[in-house]
$ cat protein11.cif   # mmCIF, C-alpha atoms
data_data
loop_
_atom_site.label_atom_id
_atom_site.label_comp_id
_atom_site.auth_asym_id
_atom_site.auth_seq_id
_atom_site.Cartn_x
_atom_site.Cartn_y
_atom_site.Cartn_z
CA MET M 147 87.50 84.19 73.43
CA LYS M 148 91.23 84.09 74.16
CA LEU M 149 92.39 84.39 77.76
CA SER M 150 94.19 87.62 76.88
CA ASP M 151 90.91 89.11 75.57
CA TYR M 152 89.29 89.20 79.02
CA LYS M 153 89.30 92.67 80.52
CA THR M 154 89.37 91.29 84.07
CA LEU M 155 90.83 88.11 85.54
CA ILE M 156 89.57 87.18 89.01
CA PHE M 157 91.46 84.61 91.07
CA ASP M 158 90.51 82.58 94.08
CA CYS M 159 93.47 82.27 96.45
CA ASP M 160 93.42 78.92 98.27
CA GLY M 161 94.03 76.07 95.86
CA VAL M 162 94.63 78.41 92.92
CA ILE M 163 97.37 80.91 93.80
CA LEU M 164 98.56 79.10 96.93
CA ASP M 165 98.64 75.41 97.88
CA SER M 166 96.89 76.32 101.11
CA ASN M 167 93.73 74.21 101.17
CA LYS M 168 95.28 71.50 103.33
CA VAL M 169 96.74 74.15 105.66
CA LYS M 170 93.29 75.58 106.32
CA THR M 171 91.62 72.18 106.61
CA GLN M 172 94.06 71.17 109.35
CA ALA M 173 93.55 74.54 111.05
CA PHE M 174 89.77 74.03 111.14
CA PHE M 175 90.24 70.60 112.69
CA THR M 176 92.72 71.77 115.33
CA THR M 177 90.65 74.83 116.24
CA ALA M 178 87.49 72.78 116.74
CA LEU M 179 89.13 69.98 118.78
CA PRO M 180 88.27 71.52 122.17
CA TYR M 181 84.62 70.75 121.27
CA GLY M 182 85.48 67.07 120.70
CA GLU M 183 86.95 65.05 117.84
CA ALA M 184 83.54 64.22 116.35
CA ALA M 185 82.65 67.91 116.18
CA ALA M 186 86.05 68.74 114.65
CA ILE M 187 85.60 66.07 111.96
CA ALA M 188 82.10 67.35 111.22
CA LEU M 189 83.48 70.89 110.77
CA VAL M 190 86.15 69.63 108.39
CA ASP M 191 83.49 67.81 106.38
CA TYR M 192 81.41 70.99 106.19
CA HIS M 193 84.47 73.05 105.28
CA THR M 194 85.57 70.80 102.41
CA ALA M 195 82.01 70.55 101.07
CA ASN M 196 81.72 74.35 101.06
CA GLY M 197 85.01 75.55 99.64
CA GLY M 198 85.27 79.28 99.07
CA ILE M 199 82.89 80.27 101.87
CA SER M 200 84.39 82.43 104.61
CA ARG M 201 85.58 81.16 107.97
CA TYR M 202 83.02 83.43 109.65
CA ARG M 203 80.09 81.55 108.10
CA LYS M 204 81.74 78.19 108.74
CA PHE M 205 82.29 78.81 112.44
CA GLU M 206 78.77 80.22 112.77
CA TYR M 207 77.48 76.99 111.24
CA PHE M 208 79.75 74.99 113.54
CA LEU M 209 78.35 76.59 116.69
CA SER M 210 74.70 76.63 115.63
CA HIS M 211 74.38 73.30 113.80
CA ILE M 212 77.26 71.04 114.88
CA VAL M 213 77.74 72.09 118.49
CA GLY M 214 74.06 73.00 118.70
CA ARG M 215 74.02 76.29 120.55
CA HIS M 216 72.94 79.85 119.84
CA ILE M 217 75.70 81.95 118.35
CA ASP M 218 77.80 83.23 121.23
CA GLU M 219 79.88 86.17 120.02
CA ALA M 220 82.64 85.46 122.54
CA ALA M 221 82.87 81.80 121.51
CA LEU M 222 82.84 82.78 117.82
CA GLN M 223 85.64 85.28 118.30
CA GLN M 224 87.68 82.74 120.26
CA LEU M 225 87.38 80.27 117.37
CA LEU M 226 88.33 82.92 114.81
CA VAL M 227 91.41 84.00 116.76
CA ALA M 228 92.53 80.41 117.32
CA TYR M 229 92.03 79.58 113.64
CA SER M 230 93.95 82.63 112.51
CA SER M 231 96.87 81.67 114.74
CA GLU M 232 96.88 78.09 113.43
CA VAL M 233 96.84 79.12 109.78
CA HIS M 234 99.32 82.01 109.98
CA LYS M 235 102.57 80.09 109.57
CA GLY M 236 101.29 77.64 106.97
CA LEU M 237 100.16 80.38 104.61
CA ARG M 238 103.62 81.92 104.63
CA GLU M 239 105.36 78.63 103.86
CA CYS M 240 103.02 76.88 101.41
CA GLN M 241 103.80 76.64 97.71
CA CYS M 242 102.85 79.45 95.34
CA ALA M 243 101.58 78.57 91.86
CA ASP M 244 104.25 78.38 89.18
CA GLY M 245 103.86 80.63 86.16
CA LEU M 246 102.00 83.43 87.93
CA ALA M 247 104.41 86.21 86.93
CA GLU M 248 104.56 84.96 83.34
CA LEU M 249 100.78 84.82 83.13
CA ARG M 250 100.66 88.41 84.40
CA ARG M 251 103.12 89.48 81.71
CA LEU M 252 101.09 87.81 78.97
CA THR M 253 97.82 89.42 80.13
CA GLN M 254 99.07 92.96 80.65
CA GLY M 255 95.86 94.36 79.17
CA SER M 256 93.72 92.69 81.85
CA ARG M 257 92.98 93.89 85.35
CA TRP M 258 93.73 91.27 88.03
CA LEU M 259 91.79 90.81 91.26
CA VAL M 260 91.68 88.30 94.10
CA ALA M 261 88.25 87.29 95.44
CA SER M 262 88.80 84.87 98.31
CA GLY M 263 87.00 83.36 101.26
CA GLY M 264 90.07 84.18 103.36
CA ASP M 265 90.22 87.12 105.71
CA GLN M 266 90.82 90.27 103.67
CA GLN M 267 93.32 91.93 106.01
CA GLU M 268 95.31 88.71 106.39
CA LEU M 269 95.33 88.20 102.62
CA ARG M 270 96.66 91.68 101.91
CA GLU M 271 99.42 91.30 104.49
CA LEU M 272 100.28 87.83 103.19
CA PHE M 273 100.45 88.94 99.57
CA ARG M 274 102.72 91.86 100.49
CA GLU M 275 105.02 89.57 102.46
CA ARG M 276 105.22 87.05 99.63
CA GLY M 277 105.78 89.68 96.92
CA LEU M 278 102.47 89.00 95.15
CA ALA M 279 100.46 92.15 95.88
CA ASP M 280 101.71 94.18 92.91
CA LEU M 281 100.39 91.58 90.46
CA PHE M 282 96.81 92.37 91.43
CA ASP M 283 96.19 95.91 90.25
CA GLY M 284 92.44 95.54 90.78
CA GLY M 285 92.80 94.69 94.47
CA ILE M 286 92.80 91.81 96.94
CA PHE M 287 89.43 91.11 98.54
CA GLY M 288 88.14 88.61 101.07
CA SER M 289 85.90 87.95 104.05
CA PRO M 290 83.91 88.95 105.98
CA ASP M 291 82.27 89.90 102.64
CA ASN M 292 81.27 86.85 100.60
CA LYS M 293 82.40 86.44 97.00
CA ILE M 294 79.09 87.40 95.42
CA ASP M 295 79.01 90.62 97.44
CA ILE M 296 82.64 91.32 96.52
CA LEU M 297 81.97 90.80 92.82
CA GLN M 298 78.77 92.87 92.94
CA ARG M 299 80.55 95.79 94.60
CA GLU M 300 83.49 95.71 92.18
CA VAL M 301 81.22 95.38 89.13
CA ASP M 302 79.11 98.32 90.34
CA SER M 303 82.23 100.44 90.83
CA ALA M 304 83.54 99.42 87.36
CA ASN M 305 86.67 97.94 88.94
CA ILE M 306 85.59 94.67 87.31
CA GLN M 307 84.99 95.20 83.62
CA LEU M 308 83.39 92.62 81.37
CA PRO M 309 84.17 90.28 79.81
CA ALA M 310 85.66 88.78 82.96
CA LEU M 311 87.04 85.35 83.79
CA PHE M 312 86.99 83.75 87.26
CA ILE M 313 89.71 81.17 87.97
CA GLY M 314 88.75 79.00 90.93
CA ASP M 315 88.70 75.54 92.49
CA SER M 316 85.32 75.20 94.19
CA ARG M 317 81.63 74.95 93.43
CA TYR M 318 81.04 78.28 95.12
CA ASP M 319 83.63 79.98 92.89
CA HIS M 320 81.63 78.89 89.86
CA VAL M 321 78.31 79.87 91.45
CA ALA M 322 79.67 83.36 92.15
CA ALA M 323 81.04 83.73 88.61
CA SER M 324 77.80 82.49 87.05
CA HIS M 325 75.82 85.06 89.02
CA PHE M 326 77.48 87.73 86.84
CA ASP M 327 77.72 85.73 83.58
CA MET M 328 81.49 85.53 83.88
CA GLY M 329 83.62 82.89 82.24
CA PHE M 330 85.07 80.24 84.52
CA VAL M 331 88.09 77.92 84.57
CA PHE M 332 88.43 75.19 87.22
CA VAL M 333 91.92 74.53 88.63
CA GLN M 334 92.12 70.94 89.82
CA GLY M 335 95.67 70.48 91.11
CA TRP M 336 95.09 71.51 94.73
CA THR M 337 91.30 71.37 94.99
CA GLU M 338 89.48 69.65 97.85
CA PHE M 339 86.18 69.52 95.92
CA GLU M 340 85.71 65.76 95.61
CA GLY M 341 82.95 65.86 93.00
CA TYR M 342 84.56 68.43 90.74
CA ILE M 343 84.89 66.24 87.63
CA GLU M 344 81.19 65.45 87.49
CA TYR M 345 80.33 69.04 88.37
CA CYS M 346 82.53 70.48 85.63
CA GLU M 347 81.18 68.02 83.08
CA GLN M 348 77.63 68.90 84.06
CA HIS M 349 78.29 72.62 83.61
CA GLY M 350 80.67 72.39 80.65
CA LEU M 351 83.59 73.92 82.49
CA LYS M 352 87.19 73.92 81.34
CA ILE M 353 89.54 72.10 83.76
CA VAL M 354 93.26 72.84 84.04
CA ASP M 355 95.87 71.36 86.37
CA SER M 356 97.32 74.68 87.51
CA LEU M 357 97.77 78.32 86.58
CA LYS M 358 100.89 77.35 84.67
CA SER M 359 98.70 75.11 82.51
CA LEU M 360 96.98 78.24 81.21
CA LEU M 361 100.16 79.59 79.62
CA PRO M 362 100.10 77.42 76.47
CA THR M 363 96.38 78.05 76.01
CA LEU M 364 96.66 81.79 75.39
CA PRO M 365 96.01 81.42 71.63
CA GLU M 366 93.05 79.14 72.28
CA ARG M 367 89.44 79.89 73.05
CA ILE M 368 87.98 79.64 76.54
CA GLU M 369 84.22 79.70 76.27
CA SER M 370 82.21 81.76 78.74
CA THR M 371 79.76 79.76 80.84
#

$ encode --input "protein11.cif" --output "structure tokens"
Amino acid sequence: MKLSDYKTLIFDCDGVILDSNKVKTQAFFTTALPYGEAAAIALVDYHTANGGISRYRKFEYFLSHIVGRHIDEAALQQLLVAYSSEVHKGLRECQCADGLAELRRLTQGSRWLVASGGDQQELRELFRERGLADLFDGGIFGSPDNKIDILQREVDSANIQLPALFIGDSRYDHVAASHFDMGFVFVQGWTEFEGYIEYCEQHGLKIVDSLKSLLPTLPERIEST
């Protein structure tokens, strides 16, 4: 199936549309530092091993498993606010993927959506500020809903029509896509998933360097996984 034959293209944001993985990794570390450097490093390790999962789940895990306390709503909210403040500037200055507008032009028959682990309200504001929102006619979605719940809701409402292709850079992106028998392409250029080569080989996934790398492949076949 050619890329242009997919009725819906679903994009992760961090590491796919924006070079923002390192921005968020540093923000997790800085936010967790008041709990000690060892705890901050442990959160970063958990974050990079679980790309695509929302900050809400990561900070809940941080408090309950790394810090070792019952979830305190006040402490959780304090972490979320501090993280949001840390990441705000970086998201507005980081690099955007080359070729995005051209890819949109060449797939005019497809509906485009974003399904991200980032905060939904922040994502929508960010995409408006950076002039990206109009590319995604199917909507921009994020946490606190997880990606499987987002995809389920949009499939049920027929906003996502099959065949669909998910373009991501994490294990969880592929897990979410596979849950709905969607095709998947792994973008490696900005990923923080250290074991992605072995994972992609194991699951027979196509790997590309960037979104721009997809442009010459439009006449080619991308097999669903």

$ resolve_selection --input "protein11.cif" --expression "the PyMOL selection byres ((chain M and resi 322) around 12)" --output "PyMOL selection string"
chain M and resi 156-158+198-199+261-263+292-298+311-321+323-330+371

$ closest_atom_pairs --input "protein11.cif" --of "region 150-202 of chain M" --to "region 209-219 of chain M" --cutoff "8 Å" --atoms "only C-alpha atoms" --output "tab-separated table"
residue	atom	partner	partner_atom	distance
M:Tyr181	CA	M:Val213	CA	7.5
M:Ala185	CA	M:Ile212	CA	6.4
M:Ala188	CA	M:Ile212	CA	7.1
M:Leu189	CA	M:Ile212	CA	7.5

$ closest_residue --input "protein11.cif" --among "M:Tyr229, M:Tyr202, M:Phe208, M:Trp336" --to "Ala184 (chain M)" --atoms "all atoms listed in the file"
M:Phe208

$ closest_residue --input "protein11.cif" --among "M:Leu249, M:Cys240, M:Leu222, M:Leu155" --to "Gly285 (chain M)" --atoms "all atoms listed in the file"
M:Leu155

$ atom_distance --input "protein11.cif" --atom1 "CA of Thr253 (chain M)" --atom2 "CA of Gly288 (chain M)"
23.1 Å

$ closest_residue --input "protein11.cif" --among "M:Leu246, M:Ala173, M:Leu269, M:Ala195" --to "Val227 (chain M)" --atoms "only C-alpha atoms"
M:Ala173

$ atom_distance --input "protein11.cif" --atom1 "CA of Tyr345 (chain M)" --atom2 "CA of Thr194 (chain M)"
15.1 Å

$ closest_residue --input "protein11.cif" --among "M:Phe339, M:Tyr152, M:Phe287, M:Phe175" --to "Gly255 (chain M)" --atoms "only C-alpha atoms"
M:Tyr152

$ closest_residue --input "protein11.cif" --among "M:Phe332, M:Phe282, M:Phe174, M:Tyr192" --to "Thr154 (chain M)" --atoms "only C-alpha atoms"
M:Phe282

$ resolve_selection --input "protein11.cif" --expression "the PyMOL selection byres ((chain M and resi 352) around 8)" --output "PyMOL selection string"
chain M and resi 330-332+346+350-351+353-354+368

$ resolve_selection --input "protein11.cif" --expression "the PyMOL selection byres ((chain M and resi 273) around 12)" --output "short mmCIF file (atom, residue, chain, number, x, y, z; two decimals) with C-alpha atoms, in the frame of the given file"
data_model
loop_
_atom_site.label_atom_id
_atom_site.label_comp_id
_atom_site.auth_asym_id
_atom_site.auth_seq_id
_atom_site.Cartn_x
_atom_site.Cartn_y
_atom_site.Cartn_z
CA CYS M 159 93.47 82.27 96.45
CA ILE M 163 97.37 80.91 93.80
CA LEU M 164 98.56 79.10 96.93
CA LEU M 237 100.16 80.38 104.61
CA ARG M 238 103.62 81.92 104.63
CA CYS M 242 102.85 79.45 95.34
CA VAL M 260 91.68 88.30 94.10
CA GLN M 266 90.82 90.27 103.67
CA GLN M 267 93.32 91.93 106.01
CA GLU M 268 95.31 88.71 106.39
CA LEU M 269 95.33 88.20 102.62
CA ARG M 270 96.66 91.68 101.91
CA GLU M 271 99.42 91.30 104.49
CA LEU M 272 100.28 87.83 103.19
CA ARG M 274 102.72 91.86 100.49
CA GLU M 275 105.02 89.57 102.46
CA ARG M 276 105.22 87.05 99.63
CA GLY M 277 105.78 89.68 96.92
CA LEU M 278 102.47 89.00 95.15
CA ALA M 279 100.46 92.15 95.88
CA ASP M 280 101.71 94.18 92.91
CA LEU M 281 100.39 91.58 90.46
CA PHE M 282 96.81 92.37 91.43
CA GLY M 285 92.80 94.69 94.47
CA ILE M 286 92.80 91.81 96.94
CA PHE M 287 89.43 91.11 98.54
#

$ atom_distance --input "protein11.cif" --atom1 "CA of Lys204 (chain M)" --atom2 "CA of Gly161 (chain M)"
17.9 Å

$ residues_around --input "protein11.cif" --residues "Val169 (chain M)" --least-positions-apart "3" --cutoff "6 Å" --atoms "all atoms listed in the file" --output "ChimeraX atom specification"
/M:166,172,236

$ write_last_selection --input "protein11.cif" --atoms "C-alpha atoms" --output "PDB file, keeping the file's coordinate frame"
ATOM      1  CA  SER M 166      96.890  76.320 101.110  1.00  0.00           C
ATOM      2  CA  GLN M 172      94.060  71.170 109.350  1.00  0.00           C
ATOM      3  CA  GLY M 236     101.290  77.640 106.970  1.00  0.00           C
TER       4      GLY M 236
END

$ closest_residue --input "protein11.cif" --among "M:Glu183, M:Asp302, M:Asp151, M:Asp355" --to "Val333 (chain M)" --atoms "all atoms listed in the file"
M:Asp355

$ residues_near_point --input "protein11.cif" --point "(97.5, 74.4, 117.3)" --cutoff "8 Å" --atoms "only C-alpha atoms" --output "PyMOL selection string"
chain M and resi 173+176-177+228+231-232
